[in-house]
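J.: Once you've had a glance at the structure underneath, I'll fire off some questions.
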Amino acid sequence: MLAPRLRPARTTDLLVAATTVAAGLISAAPALAVSGPEAPADQYKSVVKLNIGDEANSRACTATLVDANWIITAASCFAATPGTSVPAGKPELKSIATLSDGKAVEVVDLVPRTDRDLVLARLATGATGLPWTRFAPAVPAAGTDLTAAGFGRTKTEWVPDKLHTGTFTTNASDTGTVTITGKGTDAICKGDTGGPLLNAAGQLVGVNSRSWQGGCLGTAATETRTGAIAARADNLSAWSAEVRSLTAGWKTEAVVQAGTSLYQGIRMDDGAWTGFTDVQTKAGNIGGIRTATVAGINGDTHVVALGTNGRIYHTIRKADGTWGTFGDVFGEAGALTNVTQVSAVSTGTEIQVVAVSNGKVFHTVRRANGTWAPFGDVASVSSPISGVTSIATANTGGELQVIAVTGGKAYHTLRATAGHWTVWGDVAQAAGATGPITSVAMAGMSSNAHVILATDNGTRQYHTVRLGSGSWSPVKDLTAHLGNITVKSVGAAGVDRDVDIAFTTSDNRVVFTSRNTAGAIFTNPVTVPTIQGIAATPLGSIALAGTL
């Protein structure tokens, strides 16, 4: 068998070695390259060349951009001494990544896996204008052809400056590795460990780790084997997203209520999702959660939850991933009774919270200093409304937009920055009629408020926009585009230049789509992998927020 006899890249008598330039000599250290043809100049622009160590004893590896700030490669590349483990944090040896546009950037942070030869490495400054490589959705079946890429040794060159590729056939896989064999004379050689192993769609299947190096320059002529082992990456999308979520940049924060639990997850800019975390295990057990909402201030995520005991609680997930403890909002803002719905949105450094109590709409503000204003009945400053079954909020230039659903119809009010409220207006009269509304969400984008409606017991979905001028766009039917789903709850948020939208469905899925505000185009809906962490069913309410 090939796999048991291959030596790991961390041993001192490596079969797989990095290109080390010292006094004109090539010496052993952990890294690989590919002996196939030179890659076309316009392809594989996400592949990165790594130089690790000082000039006299440097080693070269290959890596791949998985977003603007992070590359993925083999952990063994960064071992200060071959065969030793690689700790998290700043690399022990100075490490420089040279991007495909020629920019050289230092690697400043490492997050290694402990179960395979793989690491995420953070760049000191983000890459701009370069593509990223996405993780493959599954490990390839045996017999599938894959492409490996690397900068290292070929059949005729000791230290090539050009990226080369080779074609390999999948042999087998386990939870942490994929075994492959070169087609024809293609082989993975000494030079650049950490290079990507890609499927036909250009998605990352694995990171090259070990090889027999048959036919490579400097390998004995008697060695003809071209088999290799790569660390699997296809099953690390959620882990990668979790690591990368701690880096500044636009993200979509989601909270999903299921059973009496609440789960929090993050969608990265590249579409990858973290796993979902049980919020009560992080912020304290409040005895169960009926529904919740979320708001973002810079990198912090504010969660406002309605407990099964009828009380409203607040906590913060900080940008560094740490959580505060749930605090009882009623203790500071005053108690409400028979609360059924809650919605929140940030305006600057404040959190605007709207709750439905006994069918009426109440409003409070969490100030920047952490104190709360008393709950006030919105009818007393706007106009009467009752029998409210659903509520949604949005921020447009500091103004609080509110939609309330009563009698199956949507009504709108606005709280200006000075605190003045407008009277409730009938949305159907301005945007067009729909069937009875069962769920609503809003998202602010500049001066416009995007409204998503689920109607007819969730079987139809619509979109409309309240423009900054005060006029409304006609409702647009999204039902066919979304695949004729039956919606239980809808959430929406403005994230960078997009309006992100998510639905929980009657078949216990979370379906995500996005609308680009420039082109007014909705992306194809996708099912979010909520199975990663959500243990309870059925799925209930969902809420979204954007964070930086």
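Chain labels A, B, ... are given in the sequence in which chains occur in the structure tokens; within each chain residues are numbered consecutively from 1, and ligands are likewise numbered from 1 in the order shown.
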Show which residues sit within 7 Å of Thr62 (chain A), as a PyMOL selection string. Count only C-alpha atoms, and ignore same-chain residues fewer than 5 positions away.

T.: chain A and resi 48-50+73+150-151+192-195

J.: Check region 250-351 of chain A with DSSP on the backbone and list each residue it calls helix (DSSP H, G or I), as a list in words.

T.: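 Written out, the helix (DSSP H, G or I) residues of region 250-351 of chain A are Val279, Gln280, Thr281, Lys282, Ala283, Phe330, Gly331, Glu332 and Ala333 of chain A.
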
J.: How about saving the chosen residues, N, CA, C and O atoms kept, as a JSON list (two decimals), in the first residue's frame?

T.:
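What follows is the written file again.json:
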```
[["chain", "number", "residue", "atom", "x", "y", "z"],
["A", 279, "VAL", "N", -26.27, 29.80, 21.23],
["A", 279, "VAL", "CA", -25.99, 31.07, 21.90],
["A", 279, "VAL", "C", -26.04, 30.92, 23.42],
["A", 279, "VAL", "O", -25.26, 31.54, 24.14],
["A", 280, "GLN", "N", -26.95, 30.10, 23.94],
["A", 280, "GLN", "CA", -27.08, 29.98, 25.39],
["A", 280, "GLN", "C", -25.86, 29.30, 26.02],
["A", 280, "GLN", "O", -25.61, 29.47, 27.21],
["A", 281, "THR", "N", -25.11, 28.53, 25.23],
["A", 281, "THR", "CA", -23.87, 27.95, 25.77],
["A", 281, "THR", "C", -22.77, 28.99, 25.87],
["A", 281, "THR", "O", -21.77, 28.77, 26.55],
["A", 282, "LYS", "N", -22.94, 30.11, 25.19],
["A", 282, "LYS", "CA", -21.93, 31.18, 25.20],
["A", 282, "LYS", "C", -22.32, 32.34, 26.10],
["A", 282, "LYS", "O", -21.47, 32.94, 26.77],
["A", 283, "ALA", "N", -23.61, 32.71, 26.10],
["A", 283, "ALA", "CA", -24.06, 33.91, 26.79],
["A", 283, "ALA", "C", -24.88, 33.63, 28.03],
["A", 283, "ALA", "O", -25.31, 34.57, 28.71],
["A", 330, "PHE", "N", -35.71, 44.18, 30.53],
["A", 330, "PHE", "CA", -36.81, 44.73, 31.31],
["A", 330, "PHE", "C", -36.30, 45.38, 32.60],
["A", 330, "PHE", "O", -36.93, 46.31, 33.11],
["A", 331, "GLY", "N", -35.18, 44.90, 33.12],
["A", 331, "GLY", "CA", -34.64, 45.49, 34.35],
["A", 331, "GLY", "C", -34.21, 46.93, 34.17],
["A", 331, "GLY", "O", -34.11, 47.68, 35.15],
["A", 332, "GLU", "N", -33.95, 47.36, 32.93],
["A", 332, "GLU", "CA", -33.50, 48.74, 32.68],
["A", 332, "GLU", "C", -34.49, 49.55, 31.87],
["A", 332, "GLU", "O", -34.60, 50.77, 32.06],
["A", 333, "ALA", "N", -35.24, 48.89, 30.95],
["A", 333, "ALA", "CA", -36.13, 49.63, 30.05],
["A", 333, "ALA", "C", -37.58, 49.53, 30.48],
["A", 333, "ALA", "O", -38.46, 50.15, 29.87]]
```

J.: Name the closest residue to Thr247 (chain A) among the candidates A:Gly419, A:Pro112, A:Gly321, A:Gly307; distances are taken between atoms, counting only C-alpha atoms.

T.: A:Gly321

J.: For Thr125 (chain A), list every protein, DNA or RNA residue within 9 Å, evaluated using only C-alpha atoms, and leave out those in the same chain fewer than 6 positions away; present the list as a PyMOL selection string.

T.: chain A and resi 68-69+105-107

J.: Store the residues picked out above, limited to N, CA and C atoms, as a compact mmCIF listing (two decimals), in the first residue's frame.

T.:
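Written file, selection.txt:
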```txt
# COMPACT_ATOMS: atom_id res chain seq x y z
N ALA A 68 -9.21 37.64 0.95
CA ALA A 68 -8.22 38.70 0.76
C ALA A 68 -7.14 38.69 1.82
N ASN A 69 -7.42 38.13 2.99
CA ASN A 69 -6.48 38.21 4.11
C ASN A 69 -5.81 36.89 4.47
N VAL A 105 4.03 40.19 0.67
CA VAL A 105 3.33 40.49 1.92
C VAL A 105 3.82 39.53 2.99
N GLU A 106 4.05 40.05 4.19
CA GLU A 106 4.50 39.18 5.28
C GLU A 106 3.33 38.39 5.85
N VAL A 107 3.61 37.16 6.25
CA VAL A 107 2.64 36.33 6.97
C VAL A 107 2.81 36.62 8.46
```

J.: From the set A:Leu246, A:Leu99, A:Leu120, A:Ile188, which residue has the shortest atom-to-atom contact distance to Pro87 (chain A), counting only C-alpha atoms?

T.: A:Leu120

J.: Have a look at A:Gly176, A:Pro131, A:Gly166, A:Gly265 and name the one nearest to Pro529 (chain A); count only C-alpha atoms.

T.: A:Gly265

J.: Measuring between only C-alpha atoms, which one of A:Gly299, A:Pro436, A:Gly398, A:Gly444 shows the shortest distance to Thr347 (chain A)?

T.: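 For Thr347 (chain A), the nearest of the candidates is A:Gly398.
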
J.: CA of Ser237 (chain A) to CA of Thr128 (chain A): how many Å, to one decimal?

T.: 21.7 Å

J.: Can you tell me, as an mmCIF file with N, CA, C and O atoms, in the first residue's frame, what residues are no more than 10 Å from Val339 (chain A) when counting only C-alpha atoms, ignoring any on the same chain fewer than 6 positions away?

T.:
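What landed in result.cif:
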```cif
data_model
loop_
_atom_site.group_PDB
_atom_site.id
_atom_site.type_symbol
_atom_site.label_atom_id
_atom_site.label_comp_id
_atom_site.auth_asym_id
_atom_site.auth_seq_id
_atom_site.Cartn_x
_atom_site.Cartn_y
_atom_site.Cartn_z
ATOM 1 N N LEU A 306 -36.065 37.026 22.875
ATOM 2 C CA LEU A 306 -37.276 36.901 23.676
ATOM 3 C C LEU A 306 -37.277 35.509 24.299
ATOM 4 O O LEU A 306 -37.362 34.496 23.611
ATOM 5 N N GLY A 307 -37.148 35.453 25.623
ATOM 6 C CA GLY A 307 -37.115 34.173 26.311
ATOM 7 C C GLY A 307 -38.478 33.514 26.358
ATOM 8 O O GLY A 307 -39.522 34.174 26.197
ATOM 9 N N ASN A 309 -39.825 32.701 28.874
ATOM 10 C CA ASN A 309 -40.488 33.260 30.050
ATOM 11 C C ASN A 309 -41.126 34.606 29.765
ATOM 12 O O ASN A 309 -41.659 35.254 30.677
ATOM 13 N N GLY A 310 -41.043 35.069 28.503
ATOM 14 C CA GLY A 310 -41.690 36.320 28.120
ATOM 15 C C GLY A 310 -40.844 37.554 28.324
ATOM 16 O O GLY A 310 -41.301 38.672 28.018
ATOM 17 N N ARG A 311 -39.623 37.408 28.814
ATOM 18 C CA ARG A 311 -38.751 38.555 29.046
ATOM 19 C C ARG A 311 -37.762 38.715 27.885
ATOM 20 O O ARG A 311 -37.439 37.745 27.179
ATOM 21 N N ILE A 312 -37.274 39.945 27.696
ATOM 22 C CA ILE A 312 -36.340 40.259 26.615
ATOM 23 C C ILE A 312 -34.930 40.369 27.190
ATOM 24 O O ILE A 312 -34.725 41.010 28.229
ATOM 25 N N ALA A 355 -40.555 46.085 20.002
ATOM 26 C CA ALA A 355 -41.177 44.854 20.482
ATOM 27 C C ALA A 355 -42.691 44.944 20.338
ATOM 28 O O ALA A 355 -43.274 46.039 20.412
ATOM 29 N N VAL A 356 -43.328 43.791 20.138
ATOM 30 C CA VAL A 356 -44.787 43.716 20.086
ATOM 31 C C VAL A 356 -45.276 43.156 21.415
ATOM 32 O O VAL A 356 -44.925 42.037 21.803
ATOM 33 N N SER A 357 -46.090 43.948 22.121
ATOM 34 C CA SER A 357 -46.637 43.576 23.427
ATOM 35 C C SER A 357 -48.142 43.780 23.400
ATOM 36 O O SER A 357 -48.613 44.892 23.111
ATOM 37 N N ASN A 358 -48.867 42.687 23.662
ATOM 38 C CA ASN A 358 -50.333 42.751 23.613
ATOM 39 C C ASN A 358 -50.822 43.311 22.278
ATOM 40 O O ASN A 358 -51.814 44.049 22.220
ATOM 41 N N GLY A 359 -50.092 42.979 21.184
ATOM 42 C CA GLY A 359 -50.491 43.406 19.855
ATOM 43 C C GLY A 359 -50.116 44.833 19.515
ATOM 44 O O GLY A 359 -50.412 45.304 18.407
ATOM 45 N N LYS A 360 -49.482 45.555 20.470
ATOM 46 C CA LYS A 360 -49.072 46.933 20.214
ATOM 47 C C LYS A 360 -47.554 47.017 20.054
ATOM 48 O O LYS A 360 -46.822 46.124 20.480
ATOM 49 N N VAL A 361 -47.077 48.113 19.458
ATOM 50 C CA VAL A 361 -45.659 48.292 19.153
ATOM 51 C C VAL A 361 -45.015 49.213 20.181
ATOM 52 O O VAL A 361 -45.494 50.336 20.408
ATOM 53 N N PHE A 362 -43.932 48.733 20.787
ATOM 54 C CA PHE A 362 -43.182 49.522 21.767
ATOM 55 C C PHE A 362 -41.738 49.670 21.295
ATOM 56 O O PHE A 362 -41.197 48.798 20.606
#
```

J.: Fewer than 2 positions away in the same chain doesn't count, so skip those; otherwise give me all residues within 8 Å of Gly249 (chain A), counting only C-alpha atoms, as a ChimeraX atom specification.

T.: /A:247,251,547-548

J.: Using all heavy atoms, can you export the residues from the last selection as a PDB file, in the first residue's frame?

T.:
```pdb
ATOM      1  N   THR A 247     -11.398  38.195  11.365  1.00  0.00           N
ATOM      2  CA  THR A 247     -10.699  39.259  10.643  1.00  0.00           C
ATOM      3  C   THR A 247     -11.693  40.336  10.253  1.00  0.00           C
ATOM      4  O   THR A 247     -12.826  40.040   9.882  1.00  0.00           O
ATOM      5  CB  THR A 247     -10.019  38.697   9.380  1.00  0.00           C
ATOM      6  OG1 THR A 247      -9.220  37.575   9.737  1.00  0.00           O
ATOM      7  CG2 THR A 247      -9.137  39.746   8.723  1.00  0.00           C
ATOM      8  N   LYS A 251     -19.337  40.944   6.901  1.00  0.00           N
ATOM      9  CA  LYS A 251     -19.868  39.608   7.178  1.00  0.00           C
ATOM     10  C   LYS A 251     -21.367  39.712   7.440  1.00  0.00           C
ATOM     11  O   LYS A 251     -21.857  40.754   7.871  1.00  0.00           O
ATOM     12  CB  LYS A 251     -19.167  38.989   8.398  1.00  0.00           C
ATOM     13  CG  LYS A 251     -17.695  38.682   8.188  1.00  0.00           C
ATOM     14  CD  LYS A 251     -17.015  38.226   9.450  1.00  0.00           C
ATOM     15  CE  LYS A 251     -16.626  39.377  10.359  1.00  0.00           C
ATOM     16  NZ  LYS A 251     -15.526  40.185   9.835  1.00  0.00           N
ATOM     17  N   THR A 547     -21.951  43.064   9.741  1.00  0.00           N
ATOM     18  CA  THR A 547     -20.887  43.574  10.604  1.00  0.00           C
ATOM     19  C   THR A 547     -19.630  43.763   9.777  1.00  0.00           C
ATOM     20  O   THR A 547     -19.458  43.173   8.711  1.00  0.00           O
ATOM     21  CB  THR A 547     -20.570  42.627  11.778  1.00  0.00           C
ATOM     22  OG1 THR A 547     -20.163  41.357  11.257  1.00  0.00           O
ATOM     23  CG2 THR A 547     -21.770  42.448  12.680  1.00  0.00           C
ATOM     24  N   LEU A 548     -18.730  44.570  10.304  1.00  0.00           N
ATOM     25  CA  LEU A 548     -17.443  44.827   9.654  1.00  0.00           C
ATOM     26  C   LEU A 548     -16.327  44.165  10.446  1.00  0.00           C
ATOM     27  O   LEU A 548     -16.320  44.223  11.663  1.00  0.00           O
ATOM     28  CB  LEU A 548     -17.184  46.325   9.581  1.00  0.00           C
ATOM     29  CG  LEU A 548     -17.625  47.036   8.304  1.00  0.00           C
ATOM     30  CD1 LEU A 548     -17.478  48.537   8.464  1.00  0.00           C
ATOM     31  CD2 LEU A 548     -16.807  46.558   7.107  1.00  0.00           C
TER      32      LEU A 548
END
```

J.: Might you pull out every residue within 6 Å of Ser473 (chain A), with only C-alpha atoms counted and same-chain residues fewer than 3 positions away left off, and present them as an MDAnalysis selection string?

T.: chainID A and resid 431 464:465

J.: Hey, what's within 6 Å of region 201-203 of chain A if we count only C-alpha atoms and toss same-chain stuff fewer than 3 positions away? As a VMD selection string, please?

T.: chain A and resid 134 to 136 198

J.: Create the file for the chosen residues now, containing N, CA and C atoms and written as a tab-separated table (two decimals), in the first residue's frame.

T.:
```
chain	number	residue	atom	x	y	z
A	134	ARG	N	-12.29	28.78	-3.77
A	134	ARG	CA	-13.33	28.27	-2.87
A	134	ARG	C	-13.07	26.81	-2.53
A	135	PHE	N	-13.59	26.41	-1.40
A	135	PHE	CA	-13.45	25.02	-0.98
A	135	PHE	C	-14.41	24.14	-1.78
A	136	ALA	N	-13.93	22.97	-2.17
A	136	ALA	CA	-14.79	22.01	-2.86
A	136	ALA	C	-15.90	21.54	-1.91
A	198	LEU	N	-6.86	20.79	-6.97
A	198	LEU	CA	-8.10	21.40	-7.41
A	198	LEU	C	-8.93	20.42	-8.22
```
